[in-house]
Structure formats: C-alpha cells, structure tokens
$ cat input.txt   # compact mmCIF, C-alpha atoms
# COMPACT_ATOMS: atom_id res chain seq x y z
CA MET A 1457 73.48 53.72 82.05
CA PRO A 1458 72.47 54.65 85.59
CA PRO A 1459 75.03 56.53 87.65
CA ALA A 1460 77.40 54.49 89.82
CA VAL A 1461 76.20 56.25 92.94
CA LYS A 1462 72.45 56.62 92.99
CA SER A 1463 71.03 60.02 93.76
CA LYS A 1464 68.39 59.70 96.39
CA LYS A 1465 66.42 62.38 98.07
CA ALA A 1466 66.26 62.26 101.83
CA VAL A 1467 62.88 61.00 102.94
CA ALA A 1468 61.28 62.24 106.10
CA LEU A 1469 61.05 59.44 108.59
CA PRO A 1470 57.77 58.63 110.26
CA ALA A 1471 57.18 59.77 113.79
CA LYS A 1472 57.92 56.30 115.19
CA ALA A 1473 61.32 56.06 113.57
CA PRO A 1474 63.81 53.62 115.05
CA THR A 1475 66.52 55.26 117.13
CA ALA A 1476 69.39 53.97 114.95
CA ARG A 1477 68.52 55.98 111.88
CA LYS A 1478 70.25 55.20 108.61
CA SER A 1479 71.53 58.16 106.60
CA LYS A 1480 70.98 58.61 102.90
CA PHE A 1481 74.03 59.76 100.98
CA GLN A 1482 73.75 61.73 97.78
CA ALA A 1483 76.67 62.68 95.56
CA ASP A 1484 76.94 64.56 92.29
CA LEU A 1485 79.85 62.90 90.55
CA ALA A 1486 81.57 64.06 87.39
CA PRO A 1487 81.54 61.40 84.63
CA SER A 1488 85.22 60.65 85.27
CA GLU A 1489 84.59 60.13 88.99
CA ASP A 1490 81.54 58.02 88.26
CA SER A 1491 83.67 55.88 85.98
CA MET A 1492 86.31 55.63 88.69
CA VAL A 1493 83.73 54.36 91.16
CA ARG A 1494 82.65 51.68 88.68
CA ILE A 1495 86.21 50.58 88.04
CA LEU A 1496 87.04 50.42 91.73
CA LYS A 1497 83.89 48.47 92.50
CA THR A 1498 84.80 45.98 89.78
CA GLU A 1499 88.39 45.66 90.99
CA LEU A 1500 87.25 45.20 94.55
CA GLN A 1501 84.44 42.85 93.49
CA MET A 1502 81.82 45.01 95.10
CA THR A 1503 78.26 45.25 93.93
CA SER A 1504 76.81 47.53 96.56
CA ASN A 1505 77.32 51.28 96.72
CA THR A 1506 76.79 51.06 100.45
CA ASP A 1507 79.67 48.60 100.82
CA PHE A 1508 81.81 50.82 98.63
CA LEU A 1509 81.07 53.89 100.71
CA THR A 1510 81.53 52.00 103.96
CA ASP A 1511 84.98 50.78 102.92
CA ALA A 1512 85.98 54.21 101.59
CA LEU A 1513 84.87 55.76 104.86
CA ALA A 1514 86.83 53.21 106.89
CA LEU A 1515 89.95 53.93 104.85
CA LEU A 1516 89.58 57.69 105.17
CA ARG A 1517 88.85 57.40 108.87
CA TRP A 1518 92.00 55.37 109.34
CA ALA A 1519 94.06 57.88 107.33
CA VAL A 1520 92.72 60.79 109.37
CA SER A 1521 93.44 59.03 112.66
CA GLU A 1522 97.01 58.20 111.57
CA ARG A 1523 97.76 61.79 110.52
CA LYS A 1524 96.18 63.09 113.72
CA ARG A 1525 98.72 60.98 115.61
CA GLY A 1526 101.50 62.49 113.53
CA HIS A 1527 102.09 59.30 111.55
CA HIS A 1528 102.93 59.51 107.86
CA ILE A 1529 101.20 57.26 105.35
CA ILE A 1530 103.84 55.64 103.20
CA SER A 1531 103.79 53.20 100.31
CA GLU A 1532 106.85 51.01 99.86
CA SER A 1533 107.71 49.24 96.63
CA SER A 1534 109.30 45.81 96.44
CA THR A 1535 112.66 47.53 95.90
CA GLY A 1536 112.28 49.57 99.06
CA GLU A 1537 111.39 52.84 97.35
CA ARG A 1538 109.12 54.84 99.61
CA LYS A 1539 106.55 57.46 98.78
CA ILE A 1540 104.81 59.57 101.40
CA LEU A 1541 101.17 60.37 100.82
CA LEU A 1542 100.69 64.13 100.75
CA PHE A 1543 96.99 64.82 100.73
CA PRO A 1544 96.23 68.46 101.52
CA ARG A 1545 93.03 67.80 103.42
CA LEU A 1546 94.78 65.20 105.58
CA GLU A 1547 97.57 67.66 106.34
CA ARG A 1548 94.96 69.86 107.97
CA VAL A 1549 94.62 67.40 110.84
CA ALA A 1550 98.34 66.72 111.24
CA PRO A 1551 99.74 67.88 114.57
CA GLU A 1552 103.12 68.99 113.25
CA VAL A 1553 101.95 72.46 112.36
CA THR A 1554 104.93 73.73 114.22
CA LEU A 1555 105.95 77.20 113.21
CA PRO A 1556 109.28 78.75 114.05
CA HIS A 1557 109.44 81.53 116.60
CA VAL A 1558 110.68 84.98 115.64
CA ASP A 1559 111.09 88.26 117.46
CA ILE A 1560 109.19 91.23 116.12
CA HIS A 1561 110.15 94.84 116.65
CA TRP A 1562 107.33 96.80 118.26
CA THR A 1563 107.04 100.52 118.79
CA ASP A 1564 105.48 101.68 122.06
CA LYS A 1565 102.46 102.98 120.19
CA GLU A 1566 101.95 99.65 118.40
CA LEU A 1567 102.18 97.79 121.71
CA GLU A 1568 99.64 100.11 123.29
CA SER A 1569 97.31 99.56 120.36
CA LEU A 1570 97.87 95.78 120.46
CA ALA A 1571 97.23 95.65 124.21
CA GLU A 1572 94.02 97.63 123.83
CA LEU A 1573 92.71 95.24 121.17
CA ALA A 1574 93.86 92.05 122.89
CA SER A 1575 92.40 93.03 126.25
CA GLY A 1576 89.03 94.00 124.77
CA GLN A 1577 86.17 91.99 123.37
CA PRO A 1578 86.81 90.36 119.98
CA ALA A 1579 85.18 91.93 116.95
CA ASP A 1580 82.41 90.19 115.06
CA PRO A 1581 83.68 88.36 111.99
CA THR A 1582 83.22 90.06 108.64
CA ASP A 1583 81.43 88.35 105.75
CA ALA A 1584 84.75 87.91 103.95
CA LEU A 1585 86.23 86.20 107.00
CA ILE A 1586 83.25 83.87 107.32
CA ARG A 1587 83.60 82.93 103.65
CA ALA A 1588 87.33 82.38 104.11
CA MET A 1589 86.76 79.99 106.99
CA ARG A 1590 84.18 78.03 105.04
CA GLN A 1591 86.30 77.65 101.90
CA MET B 879 92.11 75.62 87.85
CA ALA B 880 92.33 73.18 90.79
CA VAL B 881 94.56 74.84 93.37
CA THR B 882 96.28 73.03 96.20
CA ILE B 883 98.04 74.81 99.05
CA ARG B 884 100.85 72.94 100.77
CA ARG B 885 104.26 73.49 102.29
CA LEU B 886 106.94 74.78 99.95
CA GLU B 887 109.16 71.99 98.64
CA GLU B 888 112.73 72.24 97.47
CA SER B 889 111.91 71.20 93.92
CA ASP B 890 109.17 73.78 93.49
CA GLY B 891 109.52 76.14 90.55
CA VAL B 892 109.90 79.64 91.92
CA GLU B 893 112.16 81.28 89.32
CA GLY B 894 109.29 82.49 87.14
CA PHE B 895 107.31 83.88 90.06
CA ASP B 896 106.45 87.55 89.68
CA CYS B 897 103.94 89.27 91.93
CA GLY B 898 105.08 92.73 90.87
CA ASP B 899 106.88 93.39 94.16
CA GLU B 900 110.59 92.67 94.00
CA PRO B 901 111.20 92.05 97.72
CA LEU B 902 108.36 89.48 97.76
CA ASN B 903 109.69 87.83 94.57
CA ASN B 904 113.19 87.83 95.99
CA TYR B 905 112.07 86.29 99.28
CA LEU B 906 110.41 83.35 97.55
CA LYS B 907 113.29 82.78 95.13
CA HIS B 908 116.21 83.14 97.51
CA HIS B 909 115.13 82.89 101.14
CA ALA B 910 111.87 81.00 101.64
CA TRP B 911 113.28 77.49 101.40
CA THR B 912 116.37 78.29 103.45
CA ASN B 913 114.32 80.01 106.12
CA GLN B 914 111.97 77.04 106.29
CA GLN B 915 114.36 74.11 106.22
CA LYS B 916 117.73 75.36 107.43
CA VAL B 917 117.32 78.25 109.82
CA SER B 918 113.67 77.66 110.75
CA ILE B 919 112.45 81.24 110.94
CA GLY B 920 109.36 80.89 108.79
CA VAL B 921 107.29 78.23 107.06
CA THR B 922 106.18 79.01 103.53
CA TYR B 923 103.04 77.54 102.01
CA ALA B 924 102.72 77.48 98.23
CA ALA B 925 99.64 77.49 96.02
CA VAL B 926 100.05 75.22 93.01
CA ASP B 927 97.73 74.10 90.24
CA GLU B 928 97.19 70.36 89.97
CA SER B 929 97.98 70.57 86.24
CA ALA B 930 101.44 72.04 87.00
CA PRO B 931 102.09 70.95 90.58
CA ARG B 932 105.63 72.36 90.79
CA THR B 933 104.87 75.90 89.68
CA VAL B 934 104.23 78.27 92.55
CA LEU B 935 101.30 80.59 91.81
CA GLY B 936 101.21 82.27 95.19
CA TYR B 937 102.57 81.85 98.68
CA PHE B 938 102.44 82.96 102.28
CA THR B 939 104.89 82.62 105.14
CA LEU B 940 104.02 82.10 108.79
CA ALA B 941 106.00 82.24 112.00
CA THR B 942 105.10 82.45 115.66
CA SER B 943 106.08 85.23 118.01
CA SER B 944 105.14 86.60 121.38
CA VAL B 945 105.07 89.86 123.23
CA PRO B 946 106.47 89.84 126.79
CA ARG B 947 103.79 90.90 129.22
CA ASP B 948 106.07 93.46 130.84
CA ARG B 949 106.29 95.38 127.59
CA PHE B 950 102.61 96.28 127.62
CA PRO B 951 101.50 99.62 129.07
CA GLN B 952 100.39 99.23 132.69
CA GLU B 953 96.84 100.43 132.06
CA TYR B 954 96.15 97.42 129.79
CA VAL B 955 97.95 94.67 131.68
CA ARG B 956 94.97 94.07 133.95
CA GLY B 957 92.84 92.99 130.96
CA LEU B 958 95.44 90.54 129.71
CA PRO B 959 96.32 87.07 130.95
CA PRO B 960 99.41 86.94 133.20
CA TYR B 961 101.65 85.52 130.49
CA ASP B 962 103.45 86.64 127.38
CA LEU B 963 101.02 87.15 124.51
CA PRO B 964 101.53 84.44 121.87
CA LEU B 965 100.73 85.35 118.29
CA ILE B 966 101.21 84.27 114.70
CA LEU B 967 102.97 86.47 112.20
CA LEU B 968 101.69 86.37 108.63
CA ALA B 969 105.04 87.50 107.34
CA ARG B 970 104.33 87.53 103.63
CA LEU B 971 101.50 86.82 101.20
CA ALA B 972 101.84 87.23 97.45
CA VAL B 973 100.17 86.07 94.23
CA ASP B 974 101.85 85.86 90.84
CA LYS B 975 100.34 88.71 88.82
CA ARG B 976 99.51 86.33 85.96
CA PHE B 977 97.02 84.69 88.31
CA SER B 978 95.71 87.74 90.16
CA GLY B 979 91.96 88.27 90.19
CA LYS B 980 91.24 84.54 90.41
CA GLY B 981 90.67 84.39 94.14
CA LEU B 982 94.12 83.02 94.94
CA GLY B 983 94.79 85.67 97.58
CA HIS B 984 91.53 84.76 99.28
CA ALA B 985 92.43 81.06 99.15
CA LEU B 986 95.90 81.72 100.58
CA LEU B 987 94.59 83.90 103.39
CA SER B 988 91.88 81.35 104.08
CA GLU B 989 94.49 78.62 104.53
CA ALA B 990 96.69 80.89 106.67
CA LEU B 991 93.76 81.60 108.98
CA LYS B 992 92.86 77.90 109.22
CA ILE B 993 96.45 77.11 110.18
CA THR B 994 96.29 79.92 112.74
CA LEU B 995 93.20 78.36 114.25
CA ARG B 996 94.85 74.92 114.34
CA VAL B 997 97.94 76.33 116.02
CA ALA B 998 95.70 78.16 118.49
CA ASP B 999 93.95 74.87 119.25
CA GLU B 1000 97.20 72.90 119.52
CA VAL B 1001 99.51 75.21 121.40
CA GLY B 1002 97.66 78.50 121.92
CA CYS B 1003 97.92 81.87 120.25
CA ARG B 1004 95.88 84.99 120.69
CA CYS B 1005 95.99 86.76 117.35
CA ILE B 1006 97.49 86.94 113.89
CA ILE B 1007 99.55 89.96 112.94
CA THR B 1008 100.61 91.11 109.50
CA ASP B 1009 102.63 94.02 108.18
CA ALA B 1010 100.58 95.09 105.19
CA CYS B 1011 101.76 97.29 102.37
CA PRO B 1012 99.71 100.49 102.70
CA ASP B 1013 97.85 99.78 99.45
CA LYS B 1014 96.87 96.30 100.70
CA ALA B 1015 95.58 97.38 104.12
CA GLY B 1016 92.04 97.73 102.77
CA TRP B 1017 92.11 94.18 101.45
CA TYR B 1018 93.11 92.81 104.87
CA ALA B 1019 90.52 95.02 106.56
CA ARG B 1020 87.80 93.22 104.59
CA TYR B 1021 88.72 90.10 106.56
CA GLY B 1022 88.58 91.96 109.85
CA PHE B 1023 92.24 92.86 110.31
CA VAL B 1024 92.40 96.05 112.37
CA PRO B 1025 95.23 98.54 111.82
CA LEU B 1026 97.42 99.11 114.86
CA GLU B 1027 98.35 102.67 115.70
CA GLY B 1028 101.94 103.75 115.44
CA LYS B 1029 102.57 103.51 111.72
CA THR B 1030 105.31 105.79 110.50
CA ALA B 1031 105.50 107.37 107.05
CA THR B 1032 107.81 104.66 105.77
CA SER B 1033 106.70 101.60 107.70
CA PRO B 1034 104.12 99.05 106.56
CA GLN B 1035 100.75 99.02 108.29
CA ARG B 1036 100.80 96.54 111.15
CA MET B 1037 97.37 94.86 111.44
CA TYR B 1038 95.68 92.64 114.02
CA LEU B 1039 93.04 89.92 113.86
CA ASP B 1040 91.88 88.23 117.07
CA VAL B 1041 91.83 84.42 117.08
CA ARG B 1042 88.50 84.55 118.91
CA THR B 1043 87.04 86.37 115.91
CA ILE B 1044 88.46 83.74 113.54
CA ARG B 1045 87.08 80.97 115.73
CA ARG B 1046 83.68 82.61 115.77
CA ALA B 1047 83.76 82.90 111.96
CA SER B 1048 84.60 79.23 111.62
CA SER B 1049 81.61 78.25 113.73
CA ILE B 1050 79.06 80.17 111.66
CA ASP B 1051 77.06 77.83 109.45
CA SER B 1052 75.26 80.26 107.19
CA PHE B 1053 77.12 81.40 104.10
CA PRO B 1054 76.98 85.16 103.57
CA PRO B 1055 76.29 86.16 99.97
CA GLU B 1056 79.17 87.67 97.99
CA ARG B 1057 78.97 91.42 98.03
CA ALA B 1058 79.75 93.38 94.89

$ encode --input "input.txt" --output "structure tokens"
Amino acid sequence: MPPAVKSKKAVALPAKAPTARKSKFQADLAPSEDSMVRILKTELQMTSNTDFLTDALALLRWAVSERKRGHHIISESSTGERKILLFPRLERVAPEVTLPHVDIHWTDKELESLAELASGQPADPTDALIRAMRQ
Amino acid sequence: MAVTIRRLEESDGVEGFDCGDEPLNNYLKHHAWTNQQKVSIGVTYAAVDESAPRTVLGYFTLATSSVPRDRFPQEYVRGLPPYDLPLILLARLAVDKRFSGKGLGHALLSEALKITLRVADEVGCRCIITDACPDKAGWYARYGFVPLEGKTATSPQRMYLDVRTIRRASSIDSFPPERA
C-alpha cells in the first residue's frame, strides 16, 4: 500500500519558471500517523493530499492567529461542558506570557558586574545555546 | 519519551518529585502553585511525559525584575539606556533524578530561553539572570551564562545571559554538531 502522503523529491525548476512557484511537500510519517491521514481523508471525503494539506494548513493558520490575539480555542459540548485546547506549540505564540515582577537583592559588586556586561557588546552564542534555541 | 513543557497546573502530580535538592523539591511541592496562581511572584513551567501527563519530571520558574538605573555605578551608566534595566529571573530549574541524563535540563532551559525571547519581543527585557548552585555554574556557562562578580562563600553564583546573545543564537540556521 503506498503511503498516504507521497514522498517526492524537490525538482529543480527550469530557468523560465513561472513566478508563482508551487512548493513540493515531503513528510516522513510514522505508520500510525499515515493511518491517521487516511482515516481523516476518508472522514472528510478527500481524495487529494494537496487538499488535505491545504485544509490542515488553513486550520493551523487560524489557530495560530487566534492564539496570537490572545483568544482561547474552546470546544463546547451539547451540555455546555467546555474544554480549552492546550497545544504547547500554539502557546508559544500566545501573548499572555506575562510574568510576575519581583525584587532581587543585589550587592554593589554584582551591580557593577551586571552594568559592565549590560553596557558592553553581547557575547557570541555558544554551540549549546544555538542548539537550545533550535530545539 | 515525548516530553511536553507547559505551565504548572493545580492537578499536576508533584508529591513524588525528587531532584535530590530538598529546597527545590519543597518549592515545587508547597510553593510553586501558590506563587503562580495566588500571589503571582513566579510562573512555573512543568515538563511532563505524554504517557503520564500529570507527573512532573522537571520544572523551572520565571519572574521578571528590574534594576533601577540610579543603582548602577556612575562609570557604567553612560553605556546603558536611560531607564531601569528590565530582566528575567530564572528562579529555579530542576529535574527529577530518575530522569536525569535524558536531556530534560536542556529542554527546560531551552524553553525558558524561548520564553525570555518572547517576553523581550513583547514587552522588553535585557537579560536573563539565574542564581546557580556552585556545582551547576559550569552547566549554565555552557549556554553562555556569565558569572557576575560579588559571590560570597555562602551565596549561589549569580549568572547573566544577554538577550541579544539569545536572539543571535535563535537566528543562526546552521546546527552545530554535538561536542563530546
């Protein structure tokens, strides 16, 4: 059985390519995810992977824009029970990363050291920091 | 193990948490939720495994702070903007010792730094500060935290990482190889 999402290699476009270039999308899906794609396509009566991806993208784009505006995404049952979607990656774009303010005790020597660092040029990032920011 | 890092929730299981440091265990078990929800002096983020999404495997706590400009020594004031210096305090970071060595500390610090960058983008902050246990200072230094002078024999090591350095790291596309 062929995979639900076809793996295609990107093909170099000829020199006279049209300006509105279409992108190829390749995904390595685990068998369970591949199965999930098939089931969803059946439920949604979709035959095209492109349509599936387009709809998934539209849904994700909407979710990101709502969380960016600080809106919560909620499902409500017929009895009025509500569940808030908590999706860690979406929380990264939420604006309510409000942290409480605390006072810190500083010694004069620490303040001098802090001022020296803060007023100087920033250091280059270490390899570990670069990896941390790409995780 | 599929780890998710999110805000601490009231129903999270913290009783079994043991990082080997009693004050850090005690903070999570008795103060983290109260400090987050009731008195608002720190927000705690918990690492949980998707297979047991209520069991806290590790955590960190963040707060904001600032240093009044008039507290800085005169010779440095000229190089600083004419405002108080806003910063983020990484107040605590701990990993349950049953899960140490699995990269959880790296994942937690990674998330803390990403939040720092988001806060810097949203409301502005200049650096992240942490008070590291002396035996953990080397671990933080790997990420570029610089020790501040002024440590006493009994105090933790206060360390500094500039937001501009974090921002620069986040904009680098190439992935440095893991060093042994």

$ axis_aligned_box --input "input.txt" --around "range 1473-1491 of chain A" --padding-each-side "6 Å" --output "AutoDock Vina command-line options"
--center_x 73.3 --center_y 59.1 --center_z 100.9 --size_x 35.9 --size_y 22.9 --size_z 44.5

$ interface_residues --input "input.txt" --of "chain A" --to "chain B" --cutoff "12 Å" --atoms "all atoms listed in the file" --output "number ranges by chain"
A: 1524, 1542-1591

$ atom_distance --input "input.txt" --atom1 "CA of Glu893 in chain B" --atom2 "CA of Leu906 in chain B"
8.7 Å

$ atom_distance --input "input.txt" --atom1 "CA of Arg970 in chain B" --atom2 "CA of Tyr937 in chain B"
7.7 Å

$ atom_distance --input "input.txt" --atom1 "CA of Ser1531 in chain A" --atom2 "CA of Leu1515 in chain A"
14.6 Å

$ decode --input "input.txt" --residues "range 1485-1549 of chain A" --atoms "C-alpha atoms" --output "compact mmCIF listing (two decimals), in the first residue's frame"
# COMPACT_ATOMS: atom_id res chain seq x y z
CA LEU A 1485 5.14 9.78 8.66
CA ALA A 1486 5.08 7.00 11.22
CA PRO A 1487 2.66 4.19 10.30
CA SER A 1488 0.18 5.41 12.91
CA GLU A 1489 0.26 8.95 11.51
CA ASP A 1490 -0.05 7.64 7.97
CA SER A 1491 -3.09 5.68 9.06
CA MET A 1492 -4.50 8.78 10.72
CA VAL A 1493 -4.14 10.74 7.49
CA ARG A 1494 -6.03 8.01 5.61
CA ILE A 1495 -8.82 7.94 8.17
CA LEU A 1496 -9.17 11.71 8.18
CA LYS A 1497 -9.21 11.87 4.40
CA THR A 1498 -11.96 9.25 4.35
CA GLU A 1499 -13.99 11.04 7.02
CA LEU A 1500 -13.61 14.34 5.24
CA GLN A 1501 -14.27 12.73 1.85
CA MET A 1502 -10.99 13.95 0.46
CA THR A 1503 -9.04 12.20 -2.23
CA SER A 1504 -6.20 14.64 -2.72
CA ASN A 1505 -3.23 15.01 -0.41
CA THR A 1506 -2.94 18.58 -1.58
CA ASP A 1507 -6.49 19.35 -0.46
CA PHE A 1508 -5.79 17.64 2.84
CA LEU A 1509 -2.66 19.67 3.44
CA THR A 1510 -4.33 22.89 2.33
CA ASP A 1511 -7.19 22.40 4.79
CA ALA A 1512 -4.83 21.39 7.60
CA LEU A 1513 -2.75 24.47 6.92
CA ALA A 1514 -5.82 26.71 6.94
CA LEU A 1515 -6.90 25.25 10.28
CA LEU A 1516 -3.46 25.64 11.83
CA ARG A 1517 -3.13 29.15 10.46
CA TRP A 1518 -6.45 30.08 12.01
CA ALA A 1519 -5.45 28.53 15.36
CA VAL A 1520 -2.15 30.43 15.38
CA SER A 1521 -3.85 33.72 14.55
CA GLU A 1522 -6.43 33.23 17.31
CA ARG A 1523 -3.78 32.45 19.95
CA LYS A 1524 -1.69 35.37 18.76
CA ARG A 1525 -4.68 37.60 19.52
CA GLY A 1526 -4.91 36.07 22.97
CA HIS A 1527 -8.06 34.10 22.17
CA HIS A 1528 -8.52 30.63 23.59
CA ILE A 1529 -9.71 27.78 21.40
CA ILE A 1530 -12.57 26.04 23.16
CA SER A 1531 -14.80 23.10 22.35
CA GLU A 1532 -18.27 23.11 23.89
CA SER A 1533 -20.40 20.01 24.24
CA SER A 1534 -24.18 19.96 23.87
CA THR A 1535 -24.43 20.07 27.67
CA GLY A 1536 -22.30 23.18 27.87
CA GLU A 1537 -19.14 21.47 29.07
CA ARG A 1538 -16.14 23.38 27.80
CA LYS A 1539 -12.63 22.22 27.09
CA ILE A 1540 -9.79 24.58 26.27
CA LEU A 1541 -7.28 23.42 23.70
CA LEU A 1542 -3.81 23.40 25.22
CA PHE A 1543 -1.33 22.78 22.45
CA PRO A 1544 2.22 23.57 23.53
CA ARG A 1545 3.38 24.87 20.18
CA LEU A 1546 0.38 27.20 19.98
CA GLU A 1547 1.12 28.51 23.46
CA ARG A 1548 4.43 29.75 22.11
CA VAL A 1549 2.65 32.43 20.10
